[in-house]
Amino acid sequence: MQKYLVILLISISTLTGCGVPEKERRTDQSNSDNNTPLTIVASFYPLAYFTQEIGGSFVEVTTITPAGAEPHDYEPSPKEIAMISDSDLFIYHGSGFEPWAEDIAQNIGETNVPGLEISSAFQLMPIPAEEHDEDELLAFDPHIWLDPVLAQEEVGLLRDQLEKLDPEHGKDYQERAEDLLFRLQQLDEEFQQGLKTCLLNESIVSHNAFSYLGRRYGVTFTGISGISPEAEPSAMHLAKLTDLVREKGITVIFFESLVSPKLSETLALETGITTLVLNPLEGLTAEEQKNGTDYFSVMRDNLDHLKIALQCQ
Ligand SMILES: [Zn+2]
C-alpha cells in the first residue's frame, strides 16, 4: 500500500512540473530569450521612471501620458491601447487618477497582460467633499510619489513585480532597487533637514498635489484648484486665498509647468507677491526630458523653492 503511495506522489510531482527544467516551463514566449527585455507600459512619468531605474537593460519602459500632458484626463490613442495589450506588464496608479488606465486594465485582463494597480497597496488620503467636482471620479488623493518615503514603498512593489515576471534577473532587480531606495532615503533626509527650521508652514499651490509631501514634512498646502489641475476655483475660494496670503505673510505662490500659470499669476499680482514652480511630477515637458531632468532633480528643485517660499534657514 505504502509503495503505491510513493509512486503516486512521484508521478504527481512530475505532472506538476517540479522535475521539468525552468526554461521549458516558461509560458511567457516574449521573454523566453535571456536578451529580450520585458516590454512594460506605464501610465505616467514617476511609475515609468522608477520601473526603468529598477529594470535597467532588462526592461523597456514606455510612458503613455506624453511629454507636456497631464495624466488626470489624458485619452490614449488606439495605437497606445494596442501597445499596452502587447506588453508584458501594464503599470498604473488607479483609484480614479487616470480612469482611462483602469478601463484598459479591465479590458486587457482577458489577454493575460498583467496589470499592476499601484494605489491598491496604499492607504490613500480621502479628498474633502468640497473639493469634488460634479464629474469628479477621484475620492482619494493620488499624489503619493511626491512623498519620498511613500515613493520607497512604490519602488518595493515594482521590484517585486519585476522579480515575479522575470525571476532569472531577480538579483539584478534587487540590487538596482536597493540603490534607488538608498537615493530616496537621501532625498527624504534632505527634505527633513531643509524644511526643519522655517518661518512659515503654509503655502499656496496651483492644484492640490502636495498633501502627502506636506504631511511628511509639516507643511499645509492650499490649492488654487482642487485635486484636478483644470478645475476652476470660485470667486469665494480666491478671496479666501487672498486673505490667507495677507494673514500668514506668504510671499510666494507656486505654479506648475504642465498647467497654465494664469491663476497663480493673477493671484500673485493681486496680492503683490511672486511666483515660483513647484512641480507635482505628473509628467515632464519635452524640454525637461531633453535637459536630462528626472524625478530627483525635480524634487531637489522643489525643495529649493520650498525653502525660499517658507523662509527656511
Ligand atoms: Zn495631480
# chains A, B, ... in the order shown; residues from 1 in each chain; ligands from 1
>>> residues_near_ligand(ligand="ligand 1", cutoff="9 Å", atoms="only C-alpha atoms and all ligand atoms", output="PyMOL selection string")
chain A and resi 70-72+97+141-143+207-210+226-229+280-282
>>> write_last_selection(atoms="N, CA and C atoms", output="PDB file, in the first residue's frame")
ATOM      1  N   GLU A  70      -1.054  66.120 -19.067  1.00  0.00           N
ATOM      2  CA  GLU A  70      -1.490  65.782 -17.714  1.00  0.00           C
ATOM      3  C   GLU A  70      -2.118  64.393 -17.708  1.00  0.00           C
ATOM      4  N   PRO A  71      -1.714  63.503 -16.813  1.00  0.00           N
ATOM      5  CA  PRO A  71      -2.306  62.159 -16.831  1.00  0.00           C
ATOM      6  C   PRO A  71      -3.764  62.101 -16.359  1.00  0.00           C
ATOM      7  N   HIS A  72      -4.186  63.102 -15.555  1.00  0.00           N
ATOM      8  CA  HIS A  72      -5.551  63.059 -14.994  1.00  0.00           C
ATOM      9  C   HIS A  72      -6.603  62.814 -16.073  1.00  0.00           C
ATOM     10  N   PHE A  97      -7.364  58.074 -10.605  1.00  0.00           N
ATOM     11  CA  PHE A  97      -6.373  59.073 -11.037  1.00  0.00           C
ATOM     12  C   PHE A  97      -6.336  59.182 -12.564  1.00  0.00           C
ATOM     13  N   ASP A 141      -6.788  61.066  -2.717  1.00  0.00           N
ATOM     14  CA  ASP A 141      -5.655  61.818  -3.236  1.00  0.00           C
ATOM     15  C   ASP A 141      -4.611  60.861  -3.827  1.00  0.00           C
ATOM     16  N   PRO A 142      -4.284  61.003  -5.111  1.00  0.00           N
ATOM     17  CA  PRO A 142      -3.349  60.049  -5.734  1.00  0.00           C
ATOM     18  C   PRO A 142      -1.860  60.360  -5.545  1.00  0.00           C
ATOM     19  N   HIS A 143      -1.483  61.558  -5.098  1.00  0.00           N
ATOM     20  CA  HIS A 143      -0.111  62.063  -5.319  1.00  0.00           C
ATOM     21  C   HIS A 143       0.951  61.488  -4.368  1.00  0.00           C
ATOM     22  N   HIS A 207      -2.448  73.267  -7.967  1.00  0.00           N
ATOM     23  CA  HIS A 207      -3.519  72.303  -7.640  1.00  0.00           C
ATOM     24  C   HIS A 207      -3.078  71.436  -6.465  1.00  0.00           C
ATOM     25  N   ASN A 208      -4.031  70.846  -5.793  1.00  0.00           N
ATOM     26  CA  ASN A 208      -3.767  70.152  -4.529  1.00  0.00           C
ATOM     27  C   ASN A 208      -3.000  68.847  -4.703  1.00  0.00           C
ATOM     28  N   ALA A 209      -1.709  68.945  -5.004  1.00  0.00           N
ATOM     29  CA  ALA A 209      -0.939  67.742  -5.291  1.00  0.00           C
ATOM     30  C   ALA A 209       0.036  67.398  -4.166  1.00  0.00           C
ATOM     31  N   PHE A 210       0.103  68.242  -3.135  1.00  0.00           N
ATOM     32  CA  PHE A 210       1.234  68.118  -2.204  1.00  0.00           C
ATOM     33  C   PHE A 210       0.836  67.729  -0.771  1.00  0.00           C
ATOM     34  N   GLY A 226      -8.586  72.491  -7.087  1.00  0.00           N
ATOM     35  CA  GLY A 226      -8.672  71.361  -6.161  1.00  0.00           C
ATOM     36  C   GLY A 226      -7.695  70.273  -6.555  1.00  0.00           C
ATOM     37  N   ILE A 227      -8.157  69.044  -6.490  1.00  0.00           N
ATOM     38  CA  ILE A 227      -7.289  67.913  -6.745  1.00  0.00           C
ATOM     39  C   ILE A 227      -7.034  67.764  -8.250  1.00  0.00           C
ATOM     40  N   SER A 228      -7.961  68.254  -9.089  1.00  0.00           N
ATOM     41  CA  SER A 228      -7.762  68.244 -10.540  1.00  0.00           C
ATOM     42  C   SER A 228      -7.203  69.586 -10.976  1.00  0.00           C
ATOM     43  N   PRO A 229      -6.132  69.572 -11.802  1.00  0.00           N
ATOM     44  CA  PRO A 229      -5.481  70.827 -12.161  1.00  0.00           C
ATOM     45  C   PRO A 229      -6.388  71.787 -12.924  1.00  0.00           C
ATOM     46  N   PRO A 280       4.592  68.941  -9.557  1.00  0.00           N
ATOM     47  CA  PRO A 280       3.982  67.725  -8.994  1.00  0.00           C
ATOM     48  C   PRO A 280       4.407  66.443  -9.716  1.00  0.00           C
ATOM     49  N   LEU A 281       5.312  66.553 -10.694  1.00  0.00           N
ATOM     50  CA  LEU A 281       5.896  65.380 -11.345  1.00  0.00           C
ATOM     51  C   LEU A 281       4.882  64.424 -11.957  1.00  0.00           C
ATOM     52  N   GLU A 282       3.814  64.995 -12.500  1.00  0.00           N
ATOM     53  CA  GLU A 282       2.850  64.123 -13.166  1.00  0.00           C
ATOM     54  C   GLU A 282       3.312  63.834 -14.584  1.00  0.00           C
TER      55      GLU A 282
END
>>> select_by_dssp(residues="segment 273-307 of chain A", states="helix (DSSP H, G or I)", output="list in words")
Ala286, Glu287, Glu288, Gln289, Lys290, Tyr295, Phe296, Ser297, Val298, Met299, Arg300, Asp301, Asn302, Leu303, Asp304, His305, Leu306 and Lys307 of chain A
>>> write_last_selection(atoms="C-alpha atoms", output="JSON list (two decimals), in the first residue's frame")
[["chain", "number", "residue", "atom", "x", "y", "z"],
["A", 286, "ALA", "CA", 9.66, 67.84, -23.81],
["A", 287, "GLU", "CA", 12.28, 70.41, -22.82],
["A", 288, "GLU", "CA", 12.75, 68.89, -19.35],
["A", 289, "GLN", "CA", 13.24, 65.48, -20.99],
["A", 290, "LYS", "CA", 15.86, 66.93, -23.31],
["A", 295, "TYR", "CA", 12.47, 62.66, -10.54],
["A", 296, "PHE", "CA", 15.41, 63.50, -8.30],
["A", 297, "SER", "CA", 16.43, 66.76, -9.96],
["A", 298, "VAL", "CA", 12.81, 67.98, -9.91],
["A", 299, "MET", "CA", 12.38, 67.03, -6.25],
["A", 300, "ARG", "CA", 15.56, 68.91, -5.34],
["A", 301, "ASP", "CA", 14.36, 71.98, -7.27],
["A", 302, "ASN", "CA", 11.07, 71.66, -5.40],
["A", 303, "LEU", "CA", 12.94, 71.61, -2.10],
["A", 304, "ASP", "CA", 14.98, 74.70, -3.03],
["A", 305, "HIS", "CA", 11.82, 76.59, -3.97],
["A", 306, "LEU", "CA", 10.02, 75.48, -0.82],
["A", 307, "LYS", "CA", 12.90, 76.74, 1.29]]
>>> closest_residue(among="A:Ile54, A:Met236, A:Ala42, A:Ile64", to="Leu180 of chain A", atoms="only C-alpha atoms")
A:Ile54
>>> closest_residue(among="A:Gln313, A:Ser203, A:Thr274, A:Thr39", to="Ser85 of chain A", atoms="only C-alpha atoms")
A:Thr39
>>> residues_around(residues="segment 45-47 of chain A", least_positions_apart="5", cutoff="8 Å", atoms="only C-alpha atoms", output="VMD selection string")
chain A and resid 63 65 91 to 92 145 281 to 284 295
>>> residues_around(residues="Leu310 of chain A", least_positions_apart="6", cutoff="7 Å", atoms="only C-alpha atoms", output="PDB file with N, CA and C atoms, in the first residue's frame")
ATOM      1  N   CYS A 198      11.766  76.768   9.584  1.00  0.00           N
ATOM      2  CA  CYS A 198      11.217  77.714   8.613  1.00  0.00           C
ATOM      3  C   CYS A 198      10.286  78.698   9.328  1.00  0.00           C
ATOM      4  N   LEU A 199      10.181  79.907   8.771  1.00  0.00           N
ATOM      5  CA  LEU A 199       9.284  80.904   9.350  1.00  0.00           C
ATOM      6  C   LEU A 199       7.822  80.544   9.100  1.00  0.00           C
ATOM      7  N   LEU A 200       7.541  80.006   7.913  1.00  0.00           N
ATOM      8  CA  LEU A 200       6.158  79.676   7.549  1.00  0.00           C
ATOM      9  C   LEU A 200       5.964  78.166   7.468  1.00  0.00           C
ATOM     10  N   ASN A 201       4.727  77.725   7.685  1.00  0.00           N
ATOM     11  CA  ASN A 201       4.407  76.313   7.440  1.00  0.00           C
ATOM     12  C   ASN A 201       3.148  76.180   6.575  1.00  0.00           C
TER      13      ASN A 201
END
>>> atom_distance(atom1="atom CA of Phe90 of chain A", atom2="atom CA of Leu187 of chain A")
27.4 Å
>>> residues_around(residues="Gln174 of chain A", least_positions_apart="6", cutoff="10 Å", atoms="only C-alpha atoms", output="PyMOL selection string")
chain A and resi 54-55+156+159-160+162-163+180
>>> write_last_selection(atoms="N, CA and C atoms", output="short mmCIF file (atom, residue, chain, number, x, y, z; two decimals), in the first residue's frame")
data_model
loop_
_atom_site.label_atom_id
_atom_site.label_comp_id
_atom_site.auth_asym_id
_atom_site.auth_seq_id
_atom_site.Cartn_x
_atom_site.Cartn_y
_atom_site.Cartn_z
N ILE A 54 14.80 50.46 -11.84
CA ILE A 54 14.94 49.13 -11.24
C ILE A 54 15.30 48.09 -12.31
N GLY A 55 14.70 48.23 -13.49
CA GLY A 55 14.85 47.21 -14.53
C GLY A 55 16.11 47.33 -15.36
N GLY A 156 9.36 49.26 -3.91
CA GLY A 156 9.29 47.88 -3.43
C GLY A 156 8.28 47.06 -4.22
N ARG A 159 9.66 46.47 -7.79
CA ARG A 159 10.74 45.47 -7.75
C ARG A 159 10.14 44.06 -7.64
N ASP A 160 9.20 43.88 -6.72
CA ASP A 160 8.60 42.55 -6.53
C ASP A 160 7.93 42.05 -7.81
N LEU A 162 8.65 42.92 -10.95
CA LEU A 162 9.65 42.57 -11.97
C LEU A 162 10.28 41.21 -11.65
N GLU A 163 10.56 41.00 -10.38
CA GLU A 163 11.14 39.70 -9.97
C GLU A 163 10.20 38.56 -10.30
N LEU A 180 18.20 52.52 -5.73
CA LEU A 180 17.15 53.54 -5.86
C LEU A 180 16.57 53.89 -4.49
#
>>> closest_residue(among="A:Trp100, A:Pro126, A:Pro114, A:Asp166", to="Val59 of chain A", atoms="only C-alpha atoms")
A:Asp166
>>> closest_residue(among="A:Met125, A:Val245, A:Gly115, A:Thr285", to="Thr271 of chain A", atoms="only C-alpha atoms")
A:Val245
>>> atom_distance(atom1="atom CA of Lys164 of chain A", atom2="atom CA of Pro99 of chain A")
26.2 Å
>>> closest_residue(among="A:Leu124, A:Asn107, A:Asn35, A:Ala129", to="Gly94 of chain A", atoms="only C-alpha atoms")
A:Leu124
>>> select_by_dssp(residues="segment 171-261 of chain A", states="strand (DSSP E)", output="list of chain:residue names")
A:Glu202, A:Ser203, A:Ile204, A:Val205, A:Ser206, A:His207, A:Thr220, A:Phe221, A:Thr222, A:Gly223, A:Ile224, A:Ser225, A:Val252, A:Ile253, A:Phe254, A:Phe255
>>> write_last_selection(atoms="N, CA and C atoms", output="CSV table (one decimal), in the first residue's frame")
chain,number,residue,atom,x,y,z
A,202,GLU,N,2.8,77.3,5.9
A,202,GLU,CA,1.7,77.3,4.9
A,202,GLU,C,2.1,77.8,3.6
A,203,SER,N,1.5,77.2,2.5
A,203,SER,CA,1.8,77.6,1.2
A,203,SER,C,0.7,77.4,0.3
A,204,ILE,N,0.7,78.2,-0.8
A,204,ILE,CA,-0.4,78.1,-1.8
A,204,ILE,C,0.2,77.5,-3.1
A,205,VAL,N,-0.5,76.4,-3.6
A,205,VAL,CA,0.0,75.8,-4.8
A,205,VAL,C,-1.1,75.8,-5.9
A,206,SER,N,-0.7,75.5,-7.1
A,206,SER,CA,-1.6,75.5,-8.3
A,206,SER,C,-2.8,74.5,-8.1
A,207,HIS,N,-2.4,73.3,-8.0
A,207,HIS,CA,-3.5,72.3,-7.6
A,207,HIS,C,-3.1,71.4,-6.5
A,220,THR,N,1.3,72.9,5.4
A,220,THR,CA,0.0,72.8,4.9
A,220,THR,C,-0.1,73.5,3.5
A,221,PHE,N,-0.5,72.8,2.5
A,221,PHE,CA,-0.6,73.3,1.2
A,221,PHE,C,-2.1,73.6,0.8
A,222,THR,N,-2.4,74.8,0.3
A,222,THR,CA,-3.8,75.0,-0.1
A,222,THR,C,-3.7,75.2,-1.7
A,223,GLY,N,-4.6,74.5,-2.4
A,223,GLY,CA,-4.6,74.6,-3.8
A,223,GLY,C,-5.5,75.7,-4.3
A,224,ILE,N,-5.0,76.4,-5.4
A,224,ILE,CA,-5.9,77.3,-6.1
A,224,ILE,C,-7.0,76.5,-6.7
A,225,SER,N,-6.6,75.5,-7.5
A,225,SER,CA,-7.6,74.5,-8.0
A,225,SER,C,-7.6,73.4,-6.9
A,252,VAL,N,5.3,83.9,-1.6
A,252,VAL,CA,5.5,83.1,-2.9
A,252,VAL,C,4.2,82.3,-3.2
A,253,ILE,N,3.7,82.3,-4.4
A,253,ILE,CA,2.7,81.4,-4.8
A,253,ILE,C,3.2,80.5,-5.9
A,254,PHE,N,2.9,79.2,-5.7
A,254,PHE,CA,3.5,78.2,-6.7
A,254,PHE,C,2.6,78.0,-7.9
A,255,PHE,N,3.3,77.7,-9.0
A,255,PHE,CA,2.6,77.2,-10.2
A,255,PHE,C,3.3,76.0,-10.7
>>> atom_distance(atom1="atom CA of Gly170 of chain A", atom2="atom CA of Ala121 of chain A")
21.3 Å
>>> closest_residue(among="A:Ala231, A:Ile118, A:Leu276, A:Leu184", to="Leu146 of chain A", atoms="only C-alpha atoms")
A:Leu184
>>> decode(residues="segment 226-309 of chain A", atoms="C-alpha atoms", output="compact mmCIF listing (two decimals), in the first residue's frame")
# COMPACT_ATOMS: atom_id res chain seq x y z
CA GLY A 226 -8.67 71.36 -6.16
CA ILE A 227 -7.29 67.91 -6.74
CA SER A 228 -7.76 68.24 -10.54
CA PRO A 229 -5.48 70.83 -12.16
CA GLU A 230 -8.17 72.11 -14.54
CA ALA A 231 -10.93 72.77 -12.00
CA GLU A 232 -11.89 76.46 -11.91
CA PRO A 233 -11.80 77.97 -8.42
CA SER A 234 -14.80 80.01 -7.25
CA ALA A 235 -14.56 83.74 -6.53
CA MET A 236 -15.12 82.90 -2.88
CA HIS A 237 -12.18 80.49 -2.83
CA LEU A 238 -9.92 83.09 -4.48
CA ALA A 239 -10.96 85.68 -1.89
CA LYS A 240 -10.08 83.18 0.85
CA LEU A 241 -6.65 82.65 -0.67
CA THR A 242 -6.04 86.40 -0.80
CA ASP A 243 -6.87 86.58 2.91
CA LEU A 244 -4.55 83.64 3.61
CA VAL A 245 -1.68 85.39 1.83
CA ARG A 246 -2.13 88.53 3.92
CA GLU A 247 -2.80 86.79 7.22
CA LYS A 248 0.18 84.43 7.06
CA GLY A 249 2.62 86.76 5.34
CA ILE A 250 3.01 84.40 2.37
CA THR A 251 5.40 85.88 -0.23
CA VAL A 252 5.46 83.15 -2.91
CA ILE A 253 2.66 81.42 -4.80
CA PHE A 254 3.52 78.23 -6.65
CA PHE A 255 2.57 77.25 -10.19
CA GLU A 256 3.45 74.14 -12.23
CA SER A 257 4.95 73.52 -15.64
CA LEU A 258 2.10 71.42 -17.09
CA VAL A 259 -0.73 73.77 -16.13
CA SER A 260 -1.30 77.36 -17.27
CA PRO A 261 0.20 79.71 -14.67
CA LYS A 262 -2.62 82.24 -15.25
CA LEU A 263 -4.45 81.71 -11.96
CA SER A 264 -1.27 81.72 -9.88
CA GLU A 265 -0.07 84.85 -11.65
CA THR A 266 -3.39 86.66 -11.21
CA LEU A 267 -3.43 85.86 -7.52
CA ALA A 268 0.22 86.87 -7.12
CA LEU A 269 -0.39 90.14 -8.95
CA GLU A 270 -3.44 90.90 -6.83
CA THR A 271 -1.56 90.32 -3.60
CA GLY A 272 1.70 91.82 -4.83
CA ILE A 273 3.85 88.72 -4.34
CA THR A 274 6.00 86.49 -6.56
CA THR A 275 5.56 83.07 -8.18
CA LEU A 276 7.84 80.02 -8.35
CA VAL A 277 7.48 76.50 -9.78
CA LEU A 278 6.56 73.58 -7.54
CA ASN A 279 6.44 70.55 -9.84
CA PRO A 280 3.98 67.72 -8.99
CA LEU A 281 5.90 65.38 -11.34
CA GLU A 282 2.85 64.12 -13.17
CA GLY A 283 4.92 64.34 -16.32
CA LEU A 284 7.92 66.14 -17.77
CA THR A 285 7.80 68.66 -20.59
CA ALA A 286 9.66 67.84 -23.81
CA GLU A 287 12.28 70.41 -22.82
CA GLU A 288 12.75 68.89 -19.35
CA GLN A 289 13.24 65.48 -20.99
CA LYS A 290 15.86 66.93 -23.31
CA ASN A 291 17.73 68.54 -20.41
CA GLY A 292 18.07 65.24 -18.57
CA THR A 293 15.66 66.34 -15.86
CA ASP A 294 14.41 63.44 -13.74
CA TYR A 295 12.47 62.66 -10.54
CA PHE A 296 15.41 63.50 -8.30
CA SER A 297 16.43 66.76 -9.96
CA VAL A 298 12.81 67.98 -9.91
CA MET A 299 12.38 67.03 -6.25
CA ARG A 300 15.56 68.91 -5.34
CA ASP A 301 14.36 71.98 -7.27
CA ASN A 302 11.07 71.66 -5.40
CA LEU A 303 12.94 71.61 -2.10
CA ASP A 304 14.98 74.70 -3.03
CA HIS A 305 11.82 76.59 -3.97
CA LEU A 306 10.02 75.48 -0.82
CA LYS A 307 12.90 76.74 1.29
CA ILE A 308 12.52 80.15 -0.33
CA ALA A 309 8.73 80.22 0.00
